[in-house]
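Quick notes on the structure that follows.
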Amino acid sequence: MIRFPGVAPRRALSLCLLLSGCTLPWQSRPAPTPAQAAAAAGPQVAPADARVEVLWDSWGVPHIYGQDDAAAMFAYGWAQMRSHGDLLLRLYGQARGRAAEYWGEAYVESDTWLRTNRVPERAVEWLGQQHAHERALLDAFAAGINAYGQQHGDSVDAALRQVLPVSAADVLAHVQRVVHFTFMTSPGEVIGVQRALDRSGAGSNAWAIGPRRSASRRALLLANPHLPWDDLFTLYESHLVTPELNAYGVSVVGFPVHAIAFNDSLGWALTVNPLDGADHYRLTLRGDGYLMDGELRAFESEPQTLRVRAADGTLAERAITIRRSVHGPVVAQTAQEAVALRVAGLDAPNLIAQFYDMARARNVERFQAVLARQQLPMFNVVYADARGHILYVFNGRLPVRATGDAAYWRGLVPGDTSLTLWQEVEPYWRMPRLLDPATGWLQNANDPPWTATIPIALDPRRFPTSLPAPGMSFRAQRSARMLAEDASITFDELVAYKHSSRLEVADHMLEDLIYAARASGSAAAREAADVLERWDREATAESPGAVLFEAFYHLLRRQPYPGGSPFAVPWSVRAPLATPDGLADPRGAVRVLEQAAADVRARHGALDVAWGDVHRLRRDTLDLPASGGPAALGSFRVLDFEDAADGRRVATAGDSWVAAIEFAEPIRARAVLGYGNASRVGSPHRTDQLPLVARQELRDVFFARADVEANTVAREWF
């Protein structure tokens with residue numbers, strides 16, 4: 001029990017929440033030994049004055065039972081620090097726009113980006129716009145972080161302690177940095193090229209299966225974000241219980257609420273959607289200003305000073321000047337032109353309250369009413385509930401644009417006319433959504449909204465023209481195909497489908513490739529064709545042939561084609577799962593296959609090397625074979641790899657949290673968080689779930705109090 005000397009515990013927590021910084025002296029029990037922690041798993045009685053209890057389960061997941069929301073949020077901040085203290089403080093230091101001051105030159109670009117976009121200042125403004133309950137949650141969460149940092153400061157890297165104490169404004173700055181200035185747009189974004197997140201493999205899968213397609217006649221939900229396995233993308237799994245809340249799910253480290261979750265009545269998943277809520281405007285410069293509607297306008301100019309820490313610890317000052325047009329801040333400039341950035345959602349400060357109320361909702365009507373607030377500026381929402389309803393929403397703040405299609409707005413937009421300067425966003429009810437479709441299932445694998453179910457039930461002509469055109473990636477096709485081909489899906493089948501690593505792209509070209517290779521007269525091509533014919537078209541650890549096919553397809557996509565595609569038949573909305581198909585240039589494909597075979601043999605000694613011999617799961621001392629492949633190959637089980645020094649490829653992104661939920665009585669759920677529920681050095685929860693990933697298994701989720709108690713290894717009270 002944490003105590004302020006001379007202050008009653010209830011009053012102490014109230015003071016701590018009020019002060020947020022919690023900078024008063026502490027006294028507390030020493031940290032338990034492993035034996036004491038194990039003994040703590042038995043029945044115990046909470047102190048009479050405790051307002052919140054934290055039960056830590058065997059996977060390092062905190063189950064937080066609070067008498068009220070503020071008490072639970074205090075414990076949630078404490079728990080995140082206990083599991084991810086160093087990471088959390090580094091993220092908050094960056095969100096302040098002061099990371100270069102703390103840690104040096106490497107953070108100058110990040111600081112400049114956040115200050116250019118007014119993230120720290122806007123966080124303070126947002127804080128003043130919070131509802132009373134939302135403000136209390138933010139203050140309590142920050143207070144829990146500070147309380148842990150003060151009591152266990154020696155567990156935090158010395159270079160990171162200077163970020164303490166954190167404030168509620170730091171939390172909101174972090175929210176903006178993650179959602180608005182990483183997912184919606186980022187400093188690495190280049191006009192005309194895919195976004196930085198796309199290049200890193202970020203994405204997600206999500207399914208909602210209604211009673212008519214569920215073997216148990218209970219709705220099923222699959223939540224499966226794909227993100228990089230570190231930094232601000234790190235997910236944290238938790239269970240929050242108060243008189244008004246009983247939600248289990250994940251948040252990005254540093255968020256005080258779940259982003260993906262379920263309660264005993266409903267649940268939802270998020271996937272990154274191709275919603276364009278951030279636009280770049282080309283400004284024509286004249287002197288010190290820019291042209292707008294034929295008139296010269298002056299930039300708003302703001303000088304700022306960055307402090308940059310040198311290797312010897314000294315601080316140097318660096319002046320920067322931030323310029324803004326009526327569109328937004330200038331993010332790039334040449335002698336004749338400048339580029340200004342405009343981001344939707346910066347006038348929507350109550351995202352935390354929306355997420356909290358999504359988790360409190362008990363039916364689809366209330367859930368949609370919460371979504372309709374549009375505080376969440378992007379992300380598809382895929383939903384299922386205990387009443388059997390399923391819902392898909394292409395959610396976000398889509399600007400109301402006077403002209404142009406999606407391609408027009410993805411490029412540089414003319415900034416010299418007010419006709420392109422949008423001011424409002426489309427209302428929730430104008431966004432594509434499907435409730436209880438006749439097919440009985442919904443899916444999203446980051447494809448545009450039109451293929452949420454097949455046969456297609458949404459008509460693009462009924463929606464704003466700046467929404468993306470119809471199209472499906474190979475992963476989206478694999479996703480929809482598995483659902484469409486099974487009329488009665490069991491919970492176990494749901495889990496098995498999630499682990500599918502069948503490479504969908506192979507089903508669209510492999511037969512043509514093998515035929516062309518055998519007809520070519522090339523011995524090398526025929527040998528490669530023999531390997532590919534024996535291959536099971538999977539990317540499981542044992543699969544021989546997947547390495548060769550990946551090398552082939554990687555080279556094939558880099559070849560020039562008159563139609564821009566290596567396929568003979570392009571993708572068609574009329575045959576969304578059968579196209580694209582065939583080879584545009586069979587002879588050229590055979591030459592590519594010969595080159596790929598030579599490369600694979602040179603690297604690995606054989607053409608039929610097993611996928612898992614090359615592709616690895618590594619963390620700390622673990623080194624395990626991987627099953628799963630890149631989204632570009634159409635694997636539903638997504639893993640993205642980087643080259644390692646020993647010639648292997650190591651997973652660094654892809655399947656993050658995988659959760660399968662059946663809305664039975666009681667709720668049934670299984671999950672895995674591959675990189676574990678802690679990043680703190682020395683924690684057993686850095687590596688305990690990686691073997692599950694290697695074995696393609698999920699673990700039981702402890703949701704009912706009796707199950708939580710039976711699997712508790714440590715307790716804390718506040």
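Chain identifiers are assigned as A, B, and so on, following the order in which chains appear in the structure tokens; residues are numbered from 1 within each chain, and ligands are numbered from 1 in order of appearance.
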
Please return as an NGL selection string: the residues of stretch 354-482 of chain A that backbone DSSP assigns to alpha helix (DSSP H).
:A and (354-360 or 364-371 or 406-410 or 474-482)

Go ahead and save the picked residues with N, CA, C and O atoms, as a short mmCIF file (atom, residue, chain, number, x, y, z; two decimals), in the first residue's frame.
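As a result, out09.cif now contains:
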data_model
loop_
_atom_site.label_atom_id
_atom_site.label_comp_id
_atom_site.auth_asym_id
_atom_site.auth_seq_id
_atom_site.Cartn_x
_atom_site.Cartn_y
_atom_site.Cartn_z
N GLN A 354 -13.75 9.20 -25.88
CA GLN A 354 -14.44 8.34 -26.84
C GLN A 354 -14.02 6.89 -26.66
O GLN A 354 -14.86 5.99 -26.64
N PHE A 355 -12.73 6.62 -26.57
CA PHE A 355 -12.27 5.25 -26.36
C PHE A 355 -12.85 4.68 -25.06
O PHE A 355 -13.28 3.52 -25.01
N TYR A 356 -12.86 5.48 -24.01
CA TYR A 356 -13.39 5.01 -22.73
C TYR A 356 -14.87 4.66 -22.87
O TYR A 356 -15.32 3.61 -22.38
N ASP A 357 -15.63 5.48 -23.56
CA ASP A 357 -17.07 5.22 -23.69
C ASP A 357 -17.35 4.09 -24.67
O ASP A 357 -18.39 3.41 -24.56
N MET A 358 -16.47 3.84 -25.65
CA MET A 358 -16.60 2.65 -26.48
C MET A 358 -16.50 1.40 -25.62
O MET A 358 -17.26 0.44 -25.80
N ALA A 359 -15.58 1.42 -24.66
CA ALA A 359 -15.41 0.26 -23.78
C ALA A 359 -16.56 0.11 -22.79
O ALA A 359 -16.80 -0.99 -22.29
N ARG A 360 -17.26 1.19 -22.48
CA ARG A 360 -18.40 1.13 -21.56
C ARG A 360 -19.70 0.76 -22.27
O ARG A 360 -20.68 0.41 -21.60
N VAL A 364 -25.00 -2.12 -29.77
CA VAL A 364 -24.53 -1.52 -31.00
C VAL A 364 -25.06 -0.10 -31.17
O VAL A 364 -24.38 0.75 -31.77
N GLU A 365 -26.25 0.17 -30.64
CA GLU A 365 -26.80 1.52 -30.76
C GLU A 365 -25.94 2.52 -29.99
O GLU A 365 -25.60 3.60 -30.51
N ARG A 366 -25.60 2.17 -28.76
CA ARG A 366 -24.76 3.07 -27.96
C ARG A 366 -23.36 3.17 -28.55
O ARG A 366 -22.77 4.25 -28.60
N PHE A 367 -22.84 2.04 -29.03
CA PHE A 367 -21.49 2.05 -29.60
C PHE A 367 -21.42 2.99 -30.80
O PHE A 367 -20.47 3.78 -30.92
N GLN A 368 -22.40 2.93 -31.69
CA GLN A 368 -22.39 3.82 -32.85
C GLN A 368 -22.57 5.28 -32.44
O GLN A 368 -22.00 6.18 -33.06
N ALA A 369 -23.37 5.53 -31.40
CA ALA A 369 -23.54 6.90 -30.94
C ALA A 369 -22.21 7.47 -30.44
O ALA A 369 -21.91 8.66 -30.65
N VAL A 370 -21.39 6.63 -29.82
CA VAL A 370 -20.07 7.08 -29.37
C VAL A 370 -19.16 7.31 -30.58
O VAL A 370 -18.45 8.32 -30.65
N LEU A 371 -19.16 6.39 -31.54
CA LEU A 371 -18.34 6.57 -32.75
C LEU A 371 -18.71 7.84 -33.49
O LEU A 371 -17.85 8.50 -34.09
N ALA A 406 -9.62 10.48 -54.93
CA ALA A 406 -8.61 10.11 -53.94
C ALA A 406 -7.19 10.35 -54.47
O ALA A 406 -6.32 10.83 -53.73
N ALA A 407 -6.95 10.02 -55.75
CA ALA A 407 -5.61 10.21 -56.31
C ALA A 407 -5.22 11.68 -56.32
O ALA A 407 -4.06 12.04 -56.06
N TYR A 408 -6.16 12.55 -56.62
CA TYR A 408 -5.89 13.99 -56.63
C TYR A 408 -5.44 14.46 -55.25
O TYR A 408 -4.45 15.20 -55.13
N TRP A 409 -6.14 14.02 -54.22
CA TRP A 409 -5.83 14.50 -52.87
C TRP A 409 -4.63 13.80 -52.24
O TRP A 409 -4.09 14.29 -51.25
N ARG A 410 -4.22 12.69 -52.84
CA ARG A 410 -3.01 12.04 -52.33
C ARG A 410 -1.75 12.74 -52.84
O ARG A 410 -0.66 12.53 -52.30
N PHE A 474 -3.43 -8.92 -51.83
CA PHE A 474 -3.52 -10.38 -51.76
C PHE A 474 -3.87 -10.83 -50.34
O PHE A 474 -4.57 -11.83 -50.16
N ARG A 475 -3.41 -10.12 -49.33
CA ARG A 475 -3.78 -10.48 -47.95
C ARG A 475 -5.28 -10.30 -47.74
O ARG A 475 -5.93 -11.13 -47.09
N ALA A 476 -5.83 -9.21 -48.27
CA ALA A 476 -7.28 -9.00 -48.15
C ALA A 476 -8.05 -10.10 -48.87
O ALA A 476 -9.10 -10.56 -48.40
N GLN A 477 -7.54 -10.55 -50.02
CA GLN A 477 -8.20 -11.64 -50.73
C GLN A 477 -8.15 -12.93 -49.93
O GLN A 477 -9.15 -13.67 -49.86
N ARG A 478 -7.01 -13.24 -49.33
CA ARG A 478 -6.93 -14.44 -48.48
C ARG A 478 -7.90 -14.33 -47.32
O ARG A 478 -8.58 -15.29 -46.96
N SER A 479 -7.99 -13.14 -46.73
CA SER A 479 -8.90 -12.90 -45.61
C SER A 479 -10.34 -13.19 -46.03
O SER A 479 -11.05 -13.98 -45.38
N ALA A 480 -10.78 -12.58 -47.11
CA ALA A 480 -12.16 -12.75 -47.56
C ALA A 480 -12.43 -14.17 -48.05
O ALA A 480 -13.52 -14.72 -47.84
N ARG A 481 -11.45 -14.79 -48.68
CA ARG A 481 -11.64 -16.13 -49.21
C ARG A 481 -11.91 -17.14 -48.08
O ARG A 481 -12.82 -17.98 -48.18
N MET A 482 -11.14 -17.08 -47.01
CA MET A 482 -11.34 -18.03 -45.92
C MET A 482 -12.72 -17.89 -45.31
O MET A 482 -13.37 -18.88 -44.95
#

Stretch 205-218 of chain A: which residues within 6 Å, counting only C-alpha atoms, same-chain residues fewer than 2 positions away excluded, as a PDB file with N, CA, C and O atoms, in the first residue's frame?
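Below you can see result-v9.pdb, which holds the result:
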ATOM      1  N   LEU A 220     -18.440 -13.999 -33.387  1.00  0.00           N
ATOM      2  CA  LEU A 220     -16.998 -14.152 -33.212  1.00  0.00           C
ATOM      3  C   LEU A 220     -16.300 -12.871 -33.667  1.00  0.00           C
ATOM      4  O   LEU A 220     -16.737 -12.223 -34.623  1.00  0.00           O
ATOM      5  N   LEU A 221     -15.203 -12.548 -32.994  1.00  0.00           N
ATOM      6  CA  LEU A 221     -14.408 -11.372 -33.347  1.00  0.00           C
ATOM      7  C   LEU A 221     -12.944 -11.755 -33.383  1.00  0.00           C
ATOM      8  O   LEU A 221     -12.458 -12.455 -32.484  1.00  0.00           O
ATOM      9  N   LEU A 222     -12.244 -11.302 -34.412  1.00  0.00           N
ATOM     10  CA  LEU A 222     -10.792 -11.472 -34.505  1.00  0.00           C
ATOM     11  C   LEU A 222     -10.158 -10.097 -34.569  1.00  0.00           C
ATOM     12  O   LEU A 222     -10.482  -9.295 -35.451  1.00  0.00           O
ATOM     13  N   ALA A 223      -9.266  -9.821 -33.628  1.00  0.00           N
ATOM     14  CA  ALA A 223      -8.509  -8.567 -33.608  1.00  0.00           C
ATOM     15  C   ALA A 223      -7.042  -8.896 -33.824  1.00  0.00           C
ATOM     16  O   ALA A 223      -6.493  -9.749 -33.123  1.00  0.00           O
ATOM     17  N   ASN A 224      -6.399  -8.204 -34.779  1.00  0.00           N
ATOM     18  CA  ASN A 224      -5.051  -8.601 -35.155  1.00  0.00           C
ATOM     19  C   ASN A 224      -4.282  -7.440 -35.787  1.00  0.00           C
ATOM     20  O   ASN A 224      -4.079  -7.396 -36.992  1.00  0.00           O
ATOM     21  N   ALA A 384     -18.339  -6.736 -32.993  1.00  0.00           N
ATOM     22  CA  ALA A 384     -19.281  -7.837 -32.797  1.00  0.00           C
ATOM     23  C   ALA A 384     -19.801  -7.759 -31.375  1.00  0.00           C
ATOM     24  O   ALA A 384     -19.137  -7.190 -30.487  1.00  0.00           O
ATOM     25  N   GLY A 388     -25.400 -10.730 -31.214  1.00  0.00           N
ATOM     26  CA  GLY A 388     -25.229 -11.274 -32.553  1.00  0.00           C
ATOM     27  C   GLY A 388     -25.020 -10.253 -33.638  1.00  0.00           C
ATOM     28  O   GLY A 388     -24.924 -10.611 -34.817  1.00  0.00           O
ATOM     29  N   ILE A 390     -23.004  -7.598 -35.963  1.00  0.00           N
ATOM     30  CA  ILE A 390     -21.654  -7.308 -36.434  1.00  0.00           C
ATOM     31  C   ILE A 390     -21.710  -6.012 -37.228  1.00  0.00           C
ATOM     32  O   ILE A 390     -22.711  -5.696 -37.865  1.00  0.00           O
ATOM     33  N   GLY A 440     -23.273 -12.502 -43.488  1.00  0.00           N
ATOM     34  CA  GLY A 440     -23.000 -12.970 -42.132  1.00  0.00           C
ATOM     35  C   GLY A 440     -21.568 -12.774 -41.680  1.00  0.00           C
ATOM     36  O   GLY A 440     -21.199 -13.213 -40.587  1.00  0.00           O
ATOM     37  N   TRP A 441     -20.744 -12.093 -42.468  1.00  0.00           N
ATOM     38  CA  TRP A 441     -19.365 -11.853 -42.052  1.00  0.00           C
ATOM     39  C   TRP A 441     -18.848 -10.522 -42.586  1.00  0.00           C
ATOM     40  O   TRP A 441     -19.339 -10.000 -43.584  1.00  0.00           O
ATOM     41  N   LEU A 442     -17.861  -9.998 -41.889  1.00  0.00           N
ATOM     42  CA  LEU A 442     -17.186  -8.752 -42.258  1.00  0.00           C
ATOM     43  C   LEU A 442     -15.691  -8.941 -42.056  1.00  0.00           C
ATOM     44  O   LEU A 442     -15.255  -9.648 -41.134  1.00  0.00           O
ATOM     45  N   GLN A 443     -14.910  -8.291 -42.907  1.00  0.00           N
ATOM     46  CA  GLN A 443     -13.463  -8.374 -42.769  1.00  0.00           C
ATOM     47  C   GLN A 443     -12.837  -7.068 -43.193  1.00  0.00           C
ATOM     48  O   GLN A 443     -13.408  -6.306 -43.981  1.00  0.00           O
ATOM     49  N   ASN A 444     -11.650  -6.809 -42.686  1.00  0.00           N
ATOM     50  CA  ASN A 444     -10.812  -5.760 -43.254  1.00  0.00           C
ATOM     51  C   ASN A 444      -9.359  -6.127 -43.069  1.00  0.00           C
ATOM     52  O   ASN A 444      -8.942  -6.577 -41.996  1.00  0.00           O
ATOM     53  N   ALA A 445      -8.597  -5.988 -44.132  1.00  0.00           N
ATOM     54  CA  ALA A 445      -7.159  -6.225 -44.110  1.00  0.00           C
ATOM     55  C   ALA A 445      -6.470  -5.022 -44.741  1.00  0.00           C
ATOM     56  O   ALA A 445      -5.592  -5.164 -45.590  1.00  0.00           O
ATOM     57  N   ALA A 487     -19.092 -21.923 -44.298  1.00  0.00           N
ATOM     58  CA  ALA A 487     -20.435 -21.485 -43.914  1.00  0.00           C
ATOM     59  C   ALA A 487     -20.717 -21.662 -42.433  1.00  0.00           C
ATOM     60  O   ALA A 487     -21.733 -21.163 -41.931  1.00  0.00           O
ATOM     61  N   SER A 488     -19.843 -22.369 -41.694  1.00  0.00           N
ATOM     62  CA  SER A 488     -20.077 -22.612 -40.269  1.00  0.00           C
ATOM     63  C   SER A 488     -18.733 -22.677 -39.562  1.00  0.00           C
ATOM     64  O   SER A 488     -18.066 -23.716 -39.549  1.00  0.00           O
ATOM     65  N   ILE A 489     -18.325 -21.567 -38.983  1.00  0.00           N
ATOM     66  CA  ILE A 489     -16.973 -21.424 -38.429  1.00  0.00           C
ATOM     67  C   ILE A 489     -17.006 -21.640 -36.924  1.00  0.00           C
ATOM     68  O   ILE A 489     -17.735 -20.965 -36.189  1.00  0.00           O
ATOM     69  N   THR A 490     -16.196 -22.571 -36.451  1.00  0.00           N
ATOM     70  CA  THR A 490     -16.064 -22.796 -35.013  1.00  0.00           C
ATOM     71  C   THR A 490     -15.009 -21.868 -34.442  1.00  0.00           C
ATOM     72  O   THR A 490     -14.210 -21.269 -35.176  1.00  0.00           O
ATOM     73  N   PHE A 663     -18.495 -14.483 -28.241  1.00  0.00           N
ATOM     74  CA  PHE A 663     -19.413 -13.843 -27.300  1.00  0.00           C
ATOM     75  C   PHE A 663     -20.436 -14.863 -26.784  1.00  0.00           C
ATOM     76  O   PHE A 663     -21.633 -14.751 -26.987  1.00  0.00           O
TER      77      PHE A 663
END

Find, counting only C-alpha atoms, the residue in A:Pro566, A:Gly588, A:Pro399, A:Gly313 that gets nearest to A:Ala100.
A:Gly313

Env of A:Tyr392: 7 Å cut, atoms = only C-alpha atoms, seq-sep filter 3 positions within chain, self excluded. Answer as a PDB file with N, CA, C and O atoms, in the first residue's frame.
ATOM      1  N   VAL A 381     -13.217   0.334 -38.007  1.00  0.00           N
ATOM      2  CA  VAL A 381     -13.721  -0.306 -36.798  1.00  0.00           C
ATOM      3  C   VAL A 381     -14.509  -1.543 -37.217  1.00  0.00           C
ATOM      4  O   VAL A 381     -15.424  -1.450 -38.039  1.00  0.00           O
ATOM      5  N   VAL A 382     -14.133  -2.700 -36.667  1.00  0.00           N
ATOM      6  CA  VAL A 382     -14.834  -3.960 -36.908  1.00  0.00           C
ATOM      7  C   VAL A 382     -15.341  -4.449 -35.561  1.00  0.00           C
ATOM      8  O   VAL A 382     -14.562  -4.616 -34.627  1.00  0.00           O
ATOM      9  N   TYR A 383     -16.640  -4.700 -35.468  1.00  0.00           N
ATOM     10  CA  TYR A 383     -17.335  -4.854 -34.189  1.00  0.00           C
ATOM     11  C   TYR A 383     -18.184  -6.119 -34.181  1.00  0.00           C
ATOM     12  O   TYR A 383     -18.720  -6.542 -35.212  1.00  0.00           O
ATOM     13  N   ARG A 433     -20.349   2.091 -44.063  1.00  0.00           N
ATOM     14  CA  ARG A 433     -20.504   1.191 -42.911  1.00  0.00           C
ATOM     15  C   ARG A 433     -21.518   0.121 -43.273  1.00  0.00           C
ATOM     16  O   ARG A 433     -22.393   0.327 -44.118  1.00  0.00           O
ATOM     17  N   LEU A 434     -21.381  -1.033 -42.620  1.00  0.00           N
ATOM     18  CA  LEU A 434     -22.276  -2.160 -42.831  1.00  0.00           C
ATOM     19  C   LEU A 434     -22.661  -2.746 -41.486  1.00  0.00           C
ATOM     20  O   LEU A 434     -21.784  -3.050 -40.663  1.00  0.00           O
ATOM     21  N   LEU A 435     -23.943  -2.919 -41.268  1.00  0.00           N
ATOM     22  CA  LEU A 435     -24.455  -3.549 -40.053  1.00  0.00           C
ATOM     23  C   LEU A 435     -25.193  -4.825 -40.454  1.00  0.00           C
ATOM     24  O   LEU A 435     -26.125  -4.786 -41.260  1.00  0.00           O
ATOM     25  N   LEU A 442     -17.861  -9.998 -41.889  1.00  0.00           N
ATOM     26  CA  LEU A 442     -17.186  -8.752 -42.258  1.00  0.00           C
ATOM     27  C   LEU A 442     -15.691  -8.941 -42.056  1.00  0.00           C
ATOM     28  O   LEU A 442     -15.255  -9.648 -41.134  1.00  0.00           O
TER      29      LEU A 442
END

Excluding stretch 509-525 of chain A and its own-chain neighbours fewer than 6 positions away, which residues fall within 7 Å of it when counting only C-alpha atoms? Please give them as an MDAnalysis selection string.
chainID A and resid 581:583 586:587 590 593:594

Could you write those residues out with C-alpha atoms, as a CSV table (one decimal), in the first residue's frame?
chain,number,residue,atom,x,y,z
A,581,ASP,CA,-4.3,-13.8,-62.7
A,582,GLY,CA,-1.7,-15.3,-64.9
A,583,LEU,CA,1.7,-14.0,-66.1
A,586,PRO,CA,5.9,-15.9,-69.1
A,587,ARG,CA,9.4,-16.0,-70.7
A,590,VAL,CA,11.2,-17.8,-66.3
A,593,LEU,CA,13.0,-17.6,-61.7
A,594,GLU,CA,16.4,-18.7,-62.8

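With only C-alpha atoms as the atoms that count, the residue of A:Gln423, A:Gly203, A:Arg118, A:Ile667 with the shortest distance to A:Glu302 is A:Arg118.
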
Excluding A:Tyr65 and any residue of its chain fewer than 6 positions from it, enumerate the residues within 12 Å of it, using only C-alpha atoms, and give them as an MDAnalysis selection string.
chainID A and resid 46 50:56 71:76 238:248 703 705 708:709 715:718

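Considering the residues A:Pro274, A:Gly605, A:Gly411, A:Pro576 and counting only C-alpha atoms, A:Pro449 has its shortest atom-to-atom contact with A:Pro274.
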
Would you mind listing what lies within 9 Å of A:Val547 as a list of chain:residue names, with only C-alpha atoms counted and same-chain residues fewer than 6 positions away left out?
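So, after excluding close chain neighbours, the residues are A:Ala539, A:Val600, A:Leu607, A:Asp608, A:Val609, A:Ala610, A:Trp611, A:Val614, A:His615.
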